[in-house]
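Have a look at start-v6.txt below; it lists compact mmCIF, C-alpha atoms.
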```txt
# COMPACT_ATOMS: atom_id res chain seq x y z
CA MET A 229 61.83 -43.09 -11.59
CA LEU A 230 62.56 -44.63 -14.92
CA THR A 231 65.28 -47.22 -14.90
CA ARG A 232 66.88 -48.71 -17.95
CA ARG A 233 64.98 -51.93 -17.24
CA THR A 234 61.53 -50.28 -17.22
CA ILE A 235 62.38 -48.42 -20.41
CA LEU A 236 63.39 -51.72 -21.99
CA GLY A 237 60.25 -53.37 -20.64
CA ALA A 238 58.07 -50.59 -21.99
CA THR A 239 59.74 -50.82 -25.38
CA VAL A 240 59.04 -54.55 -25.51
CA CYS A 241 55.44 -53.91 -24.40
CA ALA A 242 54.98 -51.29 -27.10
CA ALA A 243 56.45 -53.59 -29.72
CA VAL A 244 54.13 -56.50 -28.92
CA ALA A 245 51.09 -54.32 -28.16
CA PRO A 246 48.13 -54.93 -30.45
CA ALA A 247 47.61 -52.53 -33.32
CA ARG A 248 45.49 -49.50 -32.66
CA ALA A 249 41.83 -50.32 -32.23
CA HIS A 250 39.80 -49.83 -35.35
CA HIS A 251 36.31 -49.67 -33.90
CA GLY A 252 34.03 -46.76 -34.62
CA TRP A 253 32.49 -44.47 -32.06
CA GLY A 254 29.11 -46.13 -32.41
CA SER A 255 30.04 -49.43 -30.81
CA TYR A 256 30.53 -48.52 -27.14
CA ASP A 257 28.25 -49.61 -24.30
CA ALA A 258 27.36 -46.35 -22.53
CA ALA A 259 24.94 -48.14 -20.17
CA ASN A 260 27.71 -50.17 -18.50
CA PRO A 261 30.68 -47.90 -17.82
CA VAL A 262 33.86 -49.32 -16.32
CA THR A 263 36.58 -47.84 -14.12
CA VAL A 264 40.09 -49.11 -14.74
CA ARG A 265 42.88 -48.47 -12.20
CA GLY A 266 46.50 -49.28 -12.78
CA PRO A 267 49.80 -48.26 -14.26
CA ILE A 268 50.14 -47.09 -17.85
CA LYS A 269 51.78 -49.91 -19.82
CA MET A 270 51.84 -48.19 -23.17
CA LEU A 271 51.11 -44.68 -24.42
CA LYS A 272 50.32 -43.59 -27.96
CA PHE A 273 50.02 -39.82 -27.98
CA GLU A 274 48.85 -39.73 -31.57
CA ASN A 275 46.18 -38.52 -33.97
CA PRO A 276 43.35 -39.15 -34.49
CA HIS A 277 43.04 -40.31 -30.85
CA CYS A 278 45.51 -40.94 -28.06
CA HIS A 279 45.60 -44.38 -26.49
CA VAL A 280 46.84 -45.77 -23.21
CA GLU A 281 47.12 -49.38 -22.23
CA VAL A 282 46.38 -49.82 -18.53
CA GLU A 283 46.98 -53.00 -16.56
CA SER A 284 44.14 -53.61 -14.15
CA GLY A 285 43.03 -56.79 -12.39
CA GLY A 286 45.29 -58.97 -14.50
CA LYS A 287 43.82 -57.54 -17.71
CA LYS A 288 45.30 -55.07 -20.13
CA TRP A 289 42.76 -52.42 -21.03
CA GLU A 290 43.19 -50.43 -24.19
CA CYS A 291 41.72 -47.00 -23.48
CA THR A 292 40.92 -44.63 -26.30
CA LEU A 293 41.38 -41.02 -25.18
CA ALA A 294 40.90 -37.64 -26.93
CA PRO A 295 42.93 -36.23 -29.85
CA PRO A 296 46.41 -34.94 -28.83
CA PHE A 297 45.43 -31.29 -29.30
CA ARG A 298 42.51 -31.53 -26.87
CA MET A 299 44.53 -33.62 -24.41
CA THR A 300 47.30 -31.01 -24.31
CA ASN A 301 44.78 -28.17 -24.13
CA ARG A 302 43.20 -29.68 -21.02
CA GLY A 303 46.49 -30.42 -19.33
CA ALA A 304 46.65 -34.17 -19.92
CA THR A 305 49.99 -33.80 -21.67
CA GLU A 306 52.32 -36.47 -22.97
CA ALA A 307 54.70 -35.58 -20.11
CA ILE A 308 52.30 -36.55 -17.31
CA LEU A 309 51.13 -39.78 -19.00
CA LYS A 310 54.49 -41.52 -18.89
CA VAL A 311 54.64 -45.31 -18.95
CA GLY A 312 54.45 -46.59 -15.38
CA THR A 313 52.29 -43.72 -14.08
CA PRO A 314 49.28 -44.98 -12.11
CA VAL A 315 46.00 -43.70 -13.55
CA VAL A 316 42.26 -44.14 -13.17
CA VAL A 317 40.28 -44.27 -16.41
CA PHE A 318 36.48 -44.14 -16.52
CA GLY A 319 34.74 -44.99 -19.76
CA TYR A 320 32.59 -47.19 -21.89
CA PRO A 321 33.58 -50.70 -22.93
CA SER A 322 33.58 -51.68 -26.58
CA ARG A 323 30.86 -54.06 -27.68
CA SER A 324 33.22 -55.86 -30.04
CA ALA A 325 36.55 -55.96 -28.12
CA PRO A 326 36.16 -57.00 -24.46
CA THR A 327 39.17 -55.09 -23.07
CA GLU A 328 38.88 -51.91 -25.09
CA MET A 329 37.12 -48.79 -23.88
CA ARG A 330 36.43 -45.19 -24.82
CA ALA A 331 37.42 -42.94 -21.94
CA GLU A 332 35.14 -40.29 -20.50
CA TRP A 333 37.86 -39.04 -18.15
CA ILE A 334 41.33 -39.95 -16.94
CA GLU A 335 42.72 -39.21 -13.49
CA VAL A 336 46.44 -38.67 -12.95
CA ALA A 337 47.78 -38.01 -9.42
CA GLY A 338 44.30 -37.11 -8.18
CA LYS A 339 43.64 -34.65 -11.02
CA ARG A 340 40.76 -35.49 -13.33
CA PHE A 341 40.83 -34.62 -17.03
CA GLU A 342 37.51 -34.69 -18.87
CA LEU A 343 38.03 -35.96 -22.38
CA ARG A 344 34.77 -35.15 -24.14
CA MET B 485 44.82 -60.33 -47.88
CA GLU B 486 48.03 -59.75 -45.90
CA LEU B 487 49.86 -59.03 -49.14
CA LEU B 488 47.20 -56.53 -50.20
CA LEU B 489 47.43 -54.75 -46.85
CA ALA B 490 51.23 -54.60 -46.78
CA PRO B 491 51.65 -51.35 -48.75
CA PHE B 492 49.08 -49.60 -46.55
CA GLU B 493 50.81 -50.87 -43.41
CA ALA B 494 54.07 -49.54 -44.81
CA LEU B 495 52.53 -46.15 -45.60
CA GLU B 496 51.03 -45.89 -42.11
CA GLN B 497 54.28 -46.90 -40.41
CA SER B 498 56.38 -44.59 -42.60
CA GLU B 499 58.14 -41.52 -41.25
CA LEU B 500 55.42 -39.42 -42.87
CA GLY B 501 52.59 -41.38 -41.25
CA LEU B 502 54.31 -41.13 -37.90
CA SER B 503 54.84 -37.39 -38.13
CA ILE B 504 51.20 -36.78 -39.13
CA ARG B 505 50.03 -38.76 -36.08
CA ASN B 506 52.48 -37.02 -33.77
CA ALA B 507 51.90 -33.41 -34.87
CA HIS B 508 49.09 -32.00 -32.78
CA LEU B 509 47.70 -29.57 -35.35
CA LEU B 510 48.33 -31.06 -38.79
CA TYR B 511 45.65 -33.75 -38.52
CA PRO B 512 42.86 -31.47 -37.27
CA ILE B 513 43.79 -28.85 -39.90
CA ALA B 514 43.64 -31.51 -42.63
CA ASN B 515 40.29 -32.66 -41.25
CA VAL B 516 38.77 -29.15 -41.35
CA THR B 517 40.28 -28.41 -44.78
CA HIS B 518 38.84 -31.66 -46.11
CA VAL B 519 35.33 -30.75 -44.96
CA ILE B 520 35.53 -27.15 -46.26
CA CYS B 521 36.77 -28.35 -49.66
CA VAL B 522 33.95 -30.92 -49.78
CA ILE B 523 31.38 -28.16 -49.17
CA ILE B 524 32.85 -25.91 -51.87
CA PHE B 525 33.23 -28.84 -54.26
CA PHE B 526 29.63 -29.93 -53.81
CA ALA B 527 28.32 -26.39 -54.25
CA LEU B 528 30.16 -26.12 -57.58
CA VAL B 529 29.07 -29.59 -58.73
CA ALA B 530 25.45 -28.87 -57.83
CA SER B 531 25.53 -25.54 -59.67
CA MET B 532 26.64 -27.35 -62.84
CA ASP B 533 24.14 -30.17 -62.36
CA MET B 534 21.29 -27.73 -61.76
CA ALA B 535 22.25 -25.77 -64.87
CA VAL B 536 22.08 -28.97 -66.93
CA LEU B 537 18.73 -29.88 -65.39
CA ARG B 538 17.06 -26.46 -65.60
CA ARG B 539 18.70 -24.41 -68.36
CA THR B 540 19.14 -24.78 -72.08
CA PRO B 541 22.15 -26.86 -73.21
CA GLU B 542 23.90 -23.66 -74.38
CA GLU B 543 23.46 -21.97 -70.99
CA ALA B 544 24.51 -25.16 -69.19
CA LYS B 545 27.60 -25.39 -71.37
CA ALA B 546 28.59 -21.83 -70.43
CA THR B 547 28.06 -22.58 -66.72
CA ILE B 548 30.18 -25.73 -66.92
CA ARG B 549 32.96 -23.87 -68.72
CA ARG B 550 33.07 -21.23 -65.99
CA VAL B 551 32.59 -23.47 -62.95
CA ARG B 552 34.42 -26.72 -63.76
CA PRO B 553 38.01 -25.46 -63.27
CA PHE B 554 37.15 -24.33 -59.76
CA ALA B 555 35.43 -27.66 -59.07
CA PHE B 556 38.65 -29.45 -60.03
CA ILE B 557 40.67 -27.18 -57.73
CA ALA B 558 38.27 -27.91 -54.85
CA PHE B 559 38.48 -31.64 -55.64
CA PHE B 560 42.28 -31.54 -55.43
CA GLY B 561 41.88 -29.83 -52.06
CA VAL B 562 39.58 -32.63 -50.92
CA VAL B 563 41.99 -35.32 -52.10
CA GLY B 564 45.08 -33.56 -50.73
CA ALA B 565 43.66 -33.05 -47.25
CA GLY B 566 42.16 -36.55 -47.37
CA ALA B 567 45.55 -38.03 -48.26
CA VAL B 568 47.05 -36.54 -45.08
CA MET B 569 44.42 -38.27 -42.93
CA PHE B 570 44.64 -41.46 -44.99
CA THR B 571 48.39 -41.70 -44.48
CA ALA B 572 47.97 -41.58 -40.69
CA GLU B 573 45.57 -44.54 -40.65
CA ALA B 574 45.96 -46.24 -44.02
CA SER B 575 45.80 -49.87 -42.89
CA ALA B 576 42.65 -49.31 -40.82
CA LEU B 577 40.90 -47.26 -43.48
CA VAL B 578 41.27 -49.78 -46.29
CA LYS B 579 39.39 -52.25 -44.06
CA ASN B 580 36.67 -49.75 -43.10
CA PRO B 581 33.37 -50.48 -44.93
CA ALA B 582 32.36 -46.79 -44.95
CA PHE B 583 35.69 -45.80 -46.51
CA LEU B 584 35.32 -48.50 -49.17
CA ALA B 585 31.76 -47.32 -49.89
CA LYS B 586 33.08 -43.75 -50.25
CA VAL B 587 35.82 -44.76 -52.68
CA THR B 588 33.30 -46.81 -54.69
CA ALA B 589 30.98 -43.78 -54.84
CA ILE B 590 33.83 -41.57 -56.11
CA VAL B 591 34.62 -44.12 -58.85
CA VAL B 592 30.92 -44.25 -59.80
CA ALA B 593 30.84 -40.43 -59.87
CA GLY B 594 33.86 -40.43 -62.20
CA LEU B 595 32.26 -42.95 -64.56
CA ASN B 596 29.05 -40.91 -64.42
CA LEU B 597 30.99 -37.78 -65.39
CA MET B 598 32.41 -39.61 -68.43
CA MET B 599 28.93 -40.80 -69.38
CA PHE B 600 27.59 -37.26 -68.95
CA SER B 601 30.30 -35.69 -71.10
CA LYS B 602 29.65 -38.12 -73.96
CA ALA B 603 25.86 -37.72 -73.81
CA PHE B 604 26.00 -33.94 -73.43
CA ALA B 605 28.43 -33.52 -76.33
CA ALA B 606 26.23 -35.77 -78.50
CA GLY B 607 23.16 -33.70 -77.65
CA ARG B 608 21.36 -36.52 -75.83
CA LEU B 609 19.89 -34.10 -73.35
CA TRP B 610 17.79 -36.49 -71.28
CA VAL B 611 20.68 -38.90 -70.75
CA ALA B 612 22.81 -35.91 -69.71
CA ARG B 613 20.10 -34.70 -67.33
CA THR B 614 19.68 -38.13 -65.73
CA SER B 615 23.43 -38.18 -65.27
CA ALA B 616 23.38 -34.69 -63.68
CA LEU B 617 20.71 -35.80 -61.20
CA LEU B 618 22.64 -38.98 -60.43
CA SER B 619 25.79 -36.89 -59.90
CA MET B 620 24.27 -34.98 -56.98
CA PHE B 621 22.99 -38.14 -55.30
CA VAL B 622 26.29 -39.98 -55.72
CA TRP B 623 28.34 -37.07 -54.31
CA ILE B 624 25.98 -36.72 -51.33
CA PHE B 625 26.35 -40.45 -50.73
CA ALA B 626 30.15 -40.12 -50.93
CA ALA B 627 30.11 -37.33 -48.32
CA ALA B 628 27.77 -39.29 -46.04
CA ALA B 629 29.93 -42.42 -46.31
CA GLY B 630 32.98 -40.28 -45.55
CA ARG B 631 31.44 -39.06 -42.32
CA GLY B 632 30.45 -42.64 -41.58
CA ILE B 633 34.11 -43.74 -41.42
CA ALA B 634 34.28 -42.63 -37.77
CA TYR B 635 31.28 -44.74 -36.82
CA LEU B 636 31.82 -48.05 -38.58
```
Show this structure as structure tokens.
Amino acid sequence: MLTRRTILGATVCAAVAPARAHHGWGSYDAANPVTVRGPIKMLKFENPHCHVEVESGGKKWECTLAPPFRMTNRGATEAILKVGTPVVVFGYPSRSAPTEMRAEWIEVAGKRFELR
Amino acid sequence: MELLLAPFEALEQSELGLSIRNAHLLYPIANVTHVICVIIFFALVASMDMAVLRRTPEEAKATIRRVRPFAFIAFFGVVGAGAVMFTAEASALVKNPAFLAKVTAIVVAGLNLMMFSKAFAAGRLWVARTSALLSMFVWIFAAAAGRGIAYL
């Protein structure tokens, strides 16, 4: 349940969150995939790609997802990716930014959404 | 550097930039329109360039007169659809080496067009033909660099 405090916290998080990642699709390490588990700290349901920030093991992972149209089409809607929702994200870490990854799939409440 | 980036940051963070990012369909439609207009534009450019390279100056002149207006329309389509995508990501794009290469190529193509027009009007056929050949290579490079934006 969203309290006023978590909304405030999320707003602060969003405000201080780093700008959207600007790395191309070519710079991800497909040989060493990572799985990130934790609550969504920030959601950007935006073109050209959606992003979630997930806190996992004391680190904040910036996960690049699919474009909003594909996300919605496959059921991974803005409504189920609310800030605070625990998720599992599997994907490929960026070679240039250590806590950024391109997601292959995202799992919400046991339901897996393929993003490619 | 910060000062140079400021207007692009402002554009990206504007109400317009926000609504382009938030609308689910506008961005993909702009993307597809951009590509289709690029294809049509290049087909028209190449038909003029090939006419200059292979036909007599009189025939080439007639081809250019018929084709050029449509090429300009297609170019406006390219720029219009491109502007939609640019607005959504302006501050990232102006730092993207592939985007900068594309813009440079478009400027070179524009200068080449001016050089062509002068040479062609003055009857310097071989300068005009070199320019026509260069035109096709520069536009192909611009399209390739454009696609490269997603990977650099």
- Item | Interatomic distance, atom CA of A:Val282 to atom CA of A:Ile268 (Å, one decimal) | 4.7 Å
- Message: Which residue is closest to chain A? Choose from B:Thr588, B:Ser619, B:Asn515, B:Thr547 and count all atoms listed in the file.
- Response: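 Using all atoms listed in the file, chain A sits closest to B:Asn515.
Note that atom CA of A:Ser322 and atom CA of A:His279 are 14.1 Å apart.
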- Query: Restricting the calculation to only C-alpha atoms, which member of B:Phe604, B:Phe525, B:Phe583, B:Tyr511 is positioned closest to chain A?
  - Reply: B:Tyr511
- In Å, rounded to a single decimal, give me how far atom CA of B:Val592 is from atom CA of B:Ala627. 13.4 Å
- Task: Name the residues in contact with B:Ala612 at a cut-off of 10 Å, using all atoms listed in the file, excluding same-chain residues fewer than 2 positions from it; report them as a list in words.
- Result: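 So the residues in contact are Asp533, Val536, Leu537, Pro541, Asn596, Leu597, Met599, Phe600, Ser601, Lys602, Ala603, Phe604, Ala605, Ala606, Gly607, Arg608, Leu609, Trp610, Thr614, Ser615, Ala616, Leu617 and Leu618 of chain B.
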- Which residue of A:Ser284, A:Thr313, A:Asn275, A:Thr327 approaches A:Met299 most closely, using all atoms listed in the file: A:Asn275
- Message: Set the cut-off to 12 Å and count all atoms listed in the file: what are the residues of chain B that reach chain A? Output as a PyMOL selection string.
- Response: chain B and resi 493+496-497+501-515+568-582+631-636
- Message: Residues within 9 Å of A:Arg323, please, as a PyMOL selection string. Count only C-alpha atoms; anything in the same chain fewer than 4 positions from it doesn't count.
- Response: chain A and resi 255-257+328
- Task: Determine, counting all atoms listed in the file, every residue of protein, DNA or RNA that lies within 10 Å of (33.0, -33.3, -50.8) in the file coordinates, then give the result as JSON, numbers by chain.
- Result: {"B": [518, 519, 520, 521, 522, 523, 524, 525, 526, 527, 529, 558, 559, 561, 562, 563, 590, 623, 624, 625, 626, 627, 628, 630]}
Could you save those same residues with C-alpha atoms as a JSON list (two decimals), in the frame of the given file?
```json
[["chain", "number", "residue", "atom", "x", "y", "z"],
["B", 518, "HIS", "CA", 38.84, -31.66, -46.11],
["B", 519, "VAL", "CA", 35.33, -30.75, -44.96],
["B", 520, "ILE", "CA", 35.53, -27.15, -46.26],
["B", 521, "CYS", "CA", 36.77, -28.35, -49.66],
["B", 522, "VAL", "CA", 33.95, -30.92, -49.78],
["B", 523, "ILE", "CA", 31.38, -28.16, -49.17],
["B", 524, "ILE", "CA", 32.85, -25.91, -51.87],
["B", 525, "PHE", "CA", 33.23, -28.84, -54.26],
["B", 526, "PHE", "CA", 29.63, -29.93, -53.81],
["B", 527, "ALA", "CA", 28.32, -26.39, -54.25],
["B", 529, "VAL", "CA", 29.07, -29.59, -58.73],
["B", 558, "ALA", "CA", 38.27, -27.91, -54.85],
["B", 559, "PHE", "CA", 38.48, -31.64, -55.64],
["B", 561, "GLY", "CA", 41.88, -29.83, -52.06],
["B", 562, "VAL", "CA", 39.58, -32.63, -50.92],
["B", 563, "VAL", "CA", 41.99, -35.32, -52.10],
["B", 590, "ILE", "CA", 33.83, -41.57, -56.11],
["B", 623, "TRP", "CA", 28.34, -37.07, -54.31],
["B", 624, "ILE", "CA", 25.98, -36.72, -51.33],
["B", 625, "PHE", "CA", 26.35, -40.45, -50.73],
["B", 626, "ALA", "CA", 30.15, -40.12, -50.93],
["B", 627, "ALA", "CA", 30.11, -37.33, -48.32],
["B", 628, "ALA", "CA", 27.77, -39.29, -46.04],
["B", 630, "GLY", "CA", 32.98, -40.28, -45.55]]
```
Name the residues within 10 Å of (36.2, -49.9, -23.5), counting all atoms listed in the file in the file's coordinates, and put them as an mmCIF file with C-alpha atoms, in the coordinates of the input.
```
data_model
loop_
_atom_site.group_PDB
_atom_site.id
_atom_site.type_symbol
_atom_site.label_atom_id
_atom_site.label_comp_id
_atom_site.auth_asym_id
_atom_site.auth_seq_id
_atom_site.Cartn_x
_atom_site.Cartn_y
_atom_site.Cartn_z
ATOM 1 C CA SER A 255 30.040 -49.430 -30.810
ATOM 2 C CA TYR A 256 30.530 -48.520 -27.140
ATOM 3 C CA ASP A 257 28.250 -49.610 -24.300
ATOM 4 C CA ALA A 258 27.360 -46.350 -22.530
ATOM 5 C CA ASN A 260 27.710 -50.170 -18.500
ATOM 6 C CA PRO A 261 30.680 -47.900 -17.820
ATOM 7 C CA VAL A 262 33.860 -49.320 -16.320
ATOM 8 C CA THR A 263 36.580 -47.840 -14.120
ATOM 9 C CA VAL A 264 40.090 -49.110 -14.740
ATOM 10 C CA TRP A 289 42.760 -52.420 -21.030
ATOM 11 C CA GLU A 290 43.190 -50.430 -24.190
ATOM 12 C CA CYS A 291 41.720 -47.000 -23.480
ATOM 13 C CA THR A 292 40.920 -44.630 -26.300
ATOM 14 C CA VAL A 317 40.280 -44.270 -16.410
ATOM 15 C CA PHE A 318 36.480 -44.140 -16.520
ATOM 16 C CA GLY A 319 34.740 -44.990 -19.760
ATOM 17 C CA TYR A 320 32.590 -47.190 -21.890
ATOM 18 C CA PRO A 321 33.580 -50.700 -22.930
ATOM 19 C CA SER A 322 33.580 -51.680 -26.580
ATOM 20 C CA ARG A 323 30.860 -54.060 -27.680
ATOM 21 C CA SER A 324 33.220 -55.860 -30.040
ATOM 22 C CA ALA A 325 36.550 -55.960 -28.120
ATOM 23 C CA PRO A 326 36.160 -57.000 -24.460
ATOM 24 C CA THR A 327 39.170 -55.090 -23.070
ATOM 25 C CA GLU A 328 38.880 -51.910 -25.090
ATOM 26 C CA MET A 329 37.120 -48.790 -23.880
ATOM 27 C CA ARG A 330 36.430 -45.190 -24.820
ATOM 28 C CA ALA A 331 37.420 -42.940 -21.940
#
```
- From the set B:Ala555, B:Val516, B:Leu495, B:Ala585, which residue has the shortest atom-to-atom contact distance to B:Ala530, counting only C-alpha atoms?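 For B:Ala530, the nearest of the candidates is B:Ala555.
Ranking A:Asn301, A:Glu306, A:Lys287, A:Ala294 by their shortest atom-to-atom distance to A:Trp333, with all atoms listed in the file included, puts A:Ala294 first.
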- Message: For a quick check of understanding, using only C-alpha atoms, which of A:Arg302, A:Val316, A:Arg340, A:Ile334 has the smallest distance to A:Pro267?
- Response: A:Val316
